Amino acid sequence: MSNVDATDYHVAAVRAQFPIFEREVNGQPLHYLDSAATSQTPRAVLDAIADHEMHHRANVMRSIHRLAEEATEAFENARGQVAKFLNAASAQEVVFTSGTTGAINLVAYAFGSTLQTGDEIVISQVEHHSNLVPWQMVRDRHGVTLKVLPATLEGAVDLTALAEIVTPRTRLIAVTHGSNVSGAKTPVVPVVEAARAVGAKVLLDGAQRTPHGPVDVQALGVDFYAFSSHKTFGPNGVGVLWGRADALDTLPPFLGGGEMIRTVTMEETIYADPPHRFEAGTPPIAQAVGLGAALTWLGAQDLAGAAQHERRLTGRLIDGLGDIDNNRGLVRLIGPRELNDRLPVVSFAVDGLHPHDICQLLDGHGVALRGGHHCAQPLMDFFGLTGTTRASVALYNDDSDVDAFLSGLDAAIDLLTP
Amino acid sequence: MTNLYQKDVLRHAAAAGRAGRLENPDGSVMLDNPLCGDRVTIDVKVSAGKVSDISHDVKACVLCQASASILCDKAVGLDADTLDHVQSQIIGMLKQSAPAPEGDWEPLHVFKPVADHKSRHACVLLPFEAAIAAVRNAG
């Protein structure tokens, strides 16, 4: 099949920017379909990190010397690049964290400490553990009530339950922007409307959404947005919590230490303003620089073409699973059938076969997949599964990846099915 | 990659000898592998410290199924320390290039290729870990 889409999206030119695709795996070309776990990193990002570490490495906002000033400028420039990617009103609304998990835990701890017994937090059954366990901890620590929006049969957040679940005691609705299992996108407008009606805030887990292009947090109308660098073509070890200025201003700090203070005496501490109030200790500087470079790189791509390309490959994956099943009732697709309702994340279960066996055998074909519960055990329970196999697509994947996946899966089922 | 899935491994997994649950077990332990969601339940009946009956209920991969099948085929008459010794031999085989268990446990040789796949070691070991705990709990 052609690697040129109707939009003239040239995936080969994109793919050539990723050095990892020069290697082989088990004697096969690398077919990387695990970007929902960690995306690969383009040369532009690797170069930005190397340049920073080779020429500008120093701690930020402390020492008075040339390198420290350059490092501080690079770090704050990265904050600006994130703000631009999110269309934030100000770079001061961007907090660097260790990742999505770190960002959500920050809100859970800081916002949670403002809650009273009887207050309510709303999450959903679709959530990754990182947007579930921190809220259980808040529940146990502060005596708040945790309420759960159910999942639909397609693995989306069931928003028809908002009217019943959200009450005047609701203080926060924290849901995924798109599921890491089903790929189902969450329509944000009803969530924000339900929250606003009772004066509650909204947090979106954007970990699966940001790899597919910029997000407009002002248009979304949410209060907090969390995402990870390592899923968005940047390095590990850094992520982002965006918070609307008035939402961040009211939060107490999460971690204490250097960087997050204005004045410290033996008796008390006056905290810095956001975002530094929430960045105790030396931050991940080179990683933030790399993230900034990644978002700038992503923003410069043909994103409309990439979206259509990813949608076409996702459609091929879903159709191919149907062909393999061939009306045997063997392959169960998880997630929306309508491509516009899903991110390019395709989870499935094969009757009688364990995801790890499928992943292991596909690895022999050079195909990288993810198998297991995907840190979403309540959603697995909902589907009556212990795990699924997941193929996820990014803008560098091409038809050869889909072909290798489908032929490898066919062979794996033949081998493992008596 | 198919060396992990030799016919003998698939045969042991499919045989699933002693699959199911025991009625009124003296010891029963369920263990999860948090990495992948594998779940193994081992039930035992114990007489004078030794396994007199054993069963496995496995919701897991082929390697884990095969391991549970071999374990339950060989465990009757053994005490927890002996099973612990076999588990140590498996760990040696997988992690330290030590010789595979011999004698009654020679079928465990099918797991030699797993040594190269560290993320799968727990799949083989999980049934033994559950069985040893179940026998000790029964004691």
# chains A, B, ... in the order shown; residues from 1 in each chain; ligands from 1

call {"tool": "interface_residues", "arguments": {"of": "chain A", "to": "chain B", "cutoff": "6 Å", "atoms": "only C-alpha atoms", "output": "VMD selection string"}}
result
chain A and resid 354 364 372 386

call {"tool": "residues_around", "arguments": {"residues": "Gly17 in chain B", "least_positions_apart": "3", "cutoff": "8 Å", "atoms": "only C-alpha atoms", "output": "MDAnalysis selection string"}}
result
chainID B and resid 69:70 72:73

call {"tool": "write_last_selection", "arguments": {"atoms": "N, CA and C atoms", "output": "mmCIF file, in the first residue's frame"}}
result
data_model
loop_
_atom_site.group_PDB
_atom_site.id
_atom_site.type_symbol
_atom_site.label_atom_id
_atom_site.label_comp_id
_atom_site.auth_asym_id
_atom_site.auth_seq_id
_atom_site.Cartn_x
_atom_site.Cartn_y
_atom_site.Cartn_z
ATOM 1 N N SER B 69 1.042 -26.480 35.508
ATOM 2 C CA SER B 69 0.710 -27.851 35.148
ATOM 3 C C SER B 69 1.815 -28.814 35.600
ATOM 4 N N ILE B 70 3.064 -28.445 35.323
ATOM 5 C CA ILE B 70 4.190 -29.304 35.729
ATOM 6 C C ILE B 70 4.274 -29.369 37.251
ATOM 7 N N CYS B 72 1.960 -29.040 39.541
ATOM 8 C CA CYS B 72 0.906 -29.833 40.170
ATOM 9 C C CYS B 72 1.042 -31.319 39.830
ATOM 10 N N ASP B 73 1.687 -31.596 38.710
ATOM 11 C CA ASP B 73 1.922 -32.990 38.329
ATOM 12 C C ASP B 73 2.969 -33.650 39.227
#

call {"tool": "residues_around", "arguments": {"residues": "range 150-160 of chain A", "least_positions_apart": "6", "cutoff": "6 Å", "atoms": "only C-alpha atoms", "output": "VMD selection string"}}
result
chain A and resid 124 to 126 182 184 335 to 336

call {"tool": "residues_around", "arguments": {"residues": "Phe111 in chain B", "least_positions_apart": "4", "cutoff": "9 Å", "atoms": "only C-alpha atoms", "output": "list in words"}}
result
Leu4, Val9, Leu63, Ser67, Ile90, Met93, Leu94, Ala100, Pro107, Ala115 and Val124 of chain B

call {"tool": "write_last_selection", "arguments": {"atoms": "N, CA and C atoms", "output": "PDB file, in the first residue's frame"}}
result
ATOM      1  N   LEU B   4      10.451 -19.986  22.822  1.00  0.00           N
ATOM      2  CA  LEU B   4       9.734 -19.922  24.103  1.00  0.00           C
ATOM      3  C   LEU B   4       8.481 -20.774  24.060  1.00  0.00           C
ATOM      4  N   VAL B   9       6.077 -26.968  25.719  1.00  0.00           N
ATOM      5  CA  VAL B   9       5.468 -25.939  26.565  1.00  0.00           C
ATOM      6  C   VAL B   9       3.977 -25.866  26.278  1.00  0.00           C
ATOM      7  N   LEU B  63       3.233 -19.696  29.494  1.00  0.00           N
ATOM      8  CA  LEU B  63       4.360 -20.097  30.337  1.00  0.00           C
ATOM      9  C   LEU B  63       3.893 -20.392  31.757  1.00  0.00           C
ATOM     10  N   SER B  67       3.894 -23.986  33.647  1.00  0.00           N
ATOM     11  CA  SER B  67       4.594 -24.122  34.921  1.00  0.00           C
ATOM     12  C   SER B  67       3.663 -24.695  35.989  1.00  0.00           C
ATOM     13  N   ILE B  90      14.998 -23.323  39.781  1.00  0.00           N
ATOM     14  CA  ILE B  90      14.435 -22.613  38.610  1.00  0.00           C
ATOM     15  C   ILE B  90      15.030 -21.209  38.526  1.00  0.00           C
ATOM     16  N   MET B  93      18.414 -21.482  37.176  1.00  0.00           N
ATOM     17  CA  MET B  93      18.377 -21.765  35.732  1.00  0.00           C
ATOM     18  C   MET B  93      18.068 -20.496  34.938  1.00  0.00           C
ATOM     19  N   LEU B  94      17.140 -19.686  35.456  1.00  0.00           N
ATOM     20  CA  LEU B  94      16.706 -18.509  34.704  1.00  0.00           C
ATOM     21  C   LEU B  94      17.663 -17.333  34.835  1.00  0.00           C
ATOM     22  N   ALA B 100      19.576 -26.876  34.884  1.00  0.00           N
ATOM     23  CA  ALA B 100      18.142 -27.016  35.116  1.00  0.00           C
ATOM     24  C   ALA B 100      17.903 -28.160  36.090  1.00  0.00           C
ATOM     25  N   PRO B 107      11.036 -32.035  33.341  1.00  0.00           N
ATOM     26  CA  PRO B 107      10.165 -31.269  32.406  1.00  0.00           C
ATOM     27  C   PRO B 107      10.378 -29.761  32.474  1.00  0.00           C
ATOM     28  N   ALA B 115      15.184 -17.865  30.122  1.00  0.00           N
ATOM     29  CA  ALA B 115      16.282 -17.136  30.778  1.00  0.00           C
ATOM     30  C   ALA B 115      16.614 -15.837  30.054  1.00  0.00           C
ATOM     31  N   VAL B 124       6.933 -17.992  35.075  1.00  0.00           N
ATOM     32  CA  VAL B 124       7.283 -19.373  35.415  1.00  0.00           C
ATOM     33  C   VAL B 124       7.276 -19.566  36.927  1.00  0.00           C
TER      34      VAL B 124
END

call {"tool": "residues_around", "arguments": {"residues": "range 106-111 of chain A", "least_positions_apart": "5", "cutoff": "12 Å", "atoms": "only C-alpha atoms", "output": "PyMOL selection string"}}
result
chain A and resi 95-101+116+119+121+130-142+144+171-174+200-205+223-226+239-243+247-256+277-280

call {"tool": "residues_around", "arguments": {"residues": "range 46-52 of chain B", "least_positions_apart": "3", "cutoff": "9 Å", "atoms": "only C-alpha atoms", "output": "mmCIF file with N, CA and C atoms, in the first residue's frame"}}
result
data_model
loop_
_atom_site.group_PDB
_atom_site.id
_atom_site.type_symbol
_atom_site.label_atom_id
_atom_site.label_comp_id
_atom_site.auth_asym_id
_atom_site.auth_seq_id
_atom_site.Cartn_x
_atom_site.Cartn_y
_atom_site.Cartn_z
ATOM 1 N N PRO B 25 -9.724 -27.092 50.856
ATOM 2 C CA PRO B 25 -8.258 -27.216 50.894
ATOM 3 C C PRO B 25 -7.721 -26.844 52.278
ATOM 4 N N ASP B 26 -6.552 -27.413 52.618
ATOM 5 C CA ASP B 26 -5.888 -27.018 53.874
ATOM 6 C C ASP B 26 -5.164 -25.686 53.703
ATOM 7 N N GLY B 27 -4.759 -25.422 52.488
ATOM 8 C CA GLY B 27 -4.094 -24.146 52.200
ATOM 9 C C GLY B 27 -4.486 -23.675 50.812
ATOM 10 N N ALA B 75 4.097 -32.318 42.493
ATOM 11 C CA ALA B 75 4.234 -31.816 43.863
ATOM 12 C C ALA B 75 3.724 -32.773 44.937
ATOM 13 N N VAL B 76 2.866 -33.716 44.578
ATOM 14 C CA VAL B 76 2.285 -34.587 45.609
ATOM 15 C C VAL B 76 3.400 -35.392 46.298
ATOM 16 N N GLY B 77 3.373 -35.366 47.637
ATOM 17 C CA GLY B 77 4.384 -36.081 48.417
ATOM 18 C C GLY B 77 5.535 -35.201 48.858
ATOM 19 N N LEU B 78 5.540 -33.959 48.408
ATOM 20 C CA LEU B 78 6.659 -33.065 48.745
ATOM 21 C C LEU B 78 6.250 -32.043 49.801
ATOM 22 N N ASP B 79 7.231 -31.599 50.591
ATOM 23 C CA ASP B 79 6.945 -30.557 51.583
ATOM 24 C C ASP B 79 7.361 -29.184 51.041
ATOM 25 N N ALA B 80 7.092 -28.162 51.837
ATOM 26 C CA ALA B 80 7.346 -26.793 51.372
ATOM 27 C C ALA B 80 8.828 -26.554 51.120
ATOM 28 N N VAL B 135 1.311 -24.338 51.032
ATOM 29 C CA VAL B 135 1.701 -25.461 51.903
ATOM 30 C C VAL B 135 2.086 -24.928 53.280
ATOM 31 N N ARG B 136 2.814 -23.826 53.296
ATOM 32 C CA ARG B 136 3.244 -23.274 54.597
ATOM 33 C C ARG B 136 2.020 -22.771 55.377
ATOM 34 N N ALA B 138 -0.883 -23.995 55.248
ATOM 35 C CA ALA B 138 -1.632 -25.167 55.718
ATOM 36 C C ALA B 138 -0.996 -25.761 56.963
ATOM 37 N N GLY B 139 0.322 -25.560 57.082
ATOM 38 C CA GLY B 139 1.046 -26.182 58.185
ATOM 39 C C GLY B 139 0.724 -25.520 59.502
#

call {"tool": "residues_around", "arguments": {"residues": "His230 in chain A", "least_positions_apart": "6", "cutoff": "7 Å", "atoms": "only C-alpha atoms", "output": "ChimeraX atom specification"}}
result
/A:38-39,236

call {"tool": "write_last_selection", "arguments": {"atoms": "C-alpha atoms", "output": "compact mmCIF listing (two decimals), in the first residue's frame"}}
result
# COMPACT_ATOMS: atom_id res chain seq x y z
CA THR A 38 6.24 5.78 25.30
CA SER A 39 6.69 7.53 22.00
CA ASN A 236 11.50 10.77 30.17
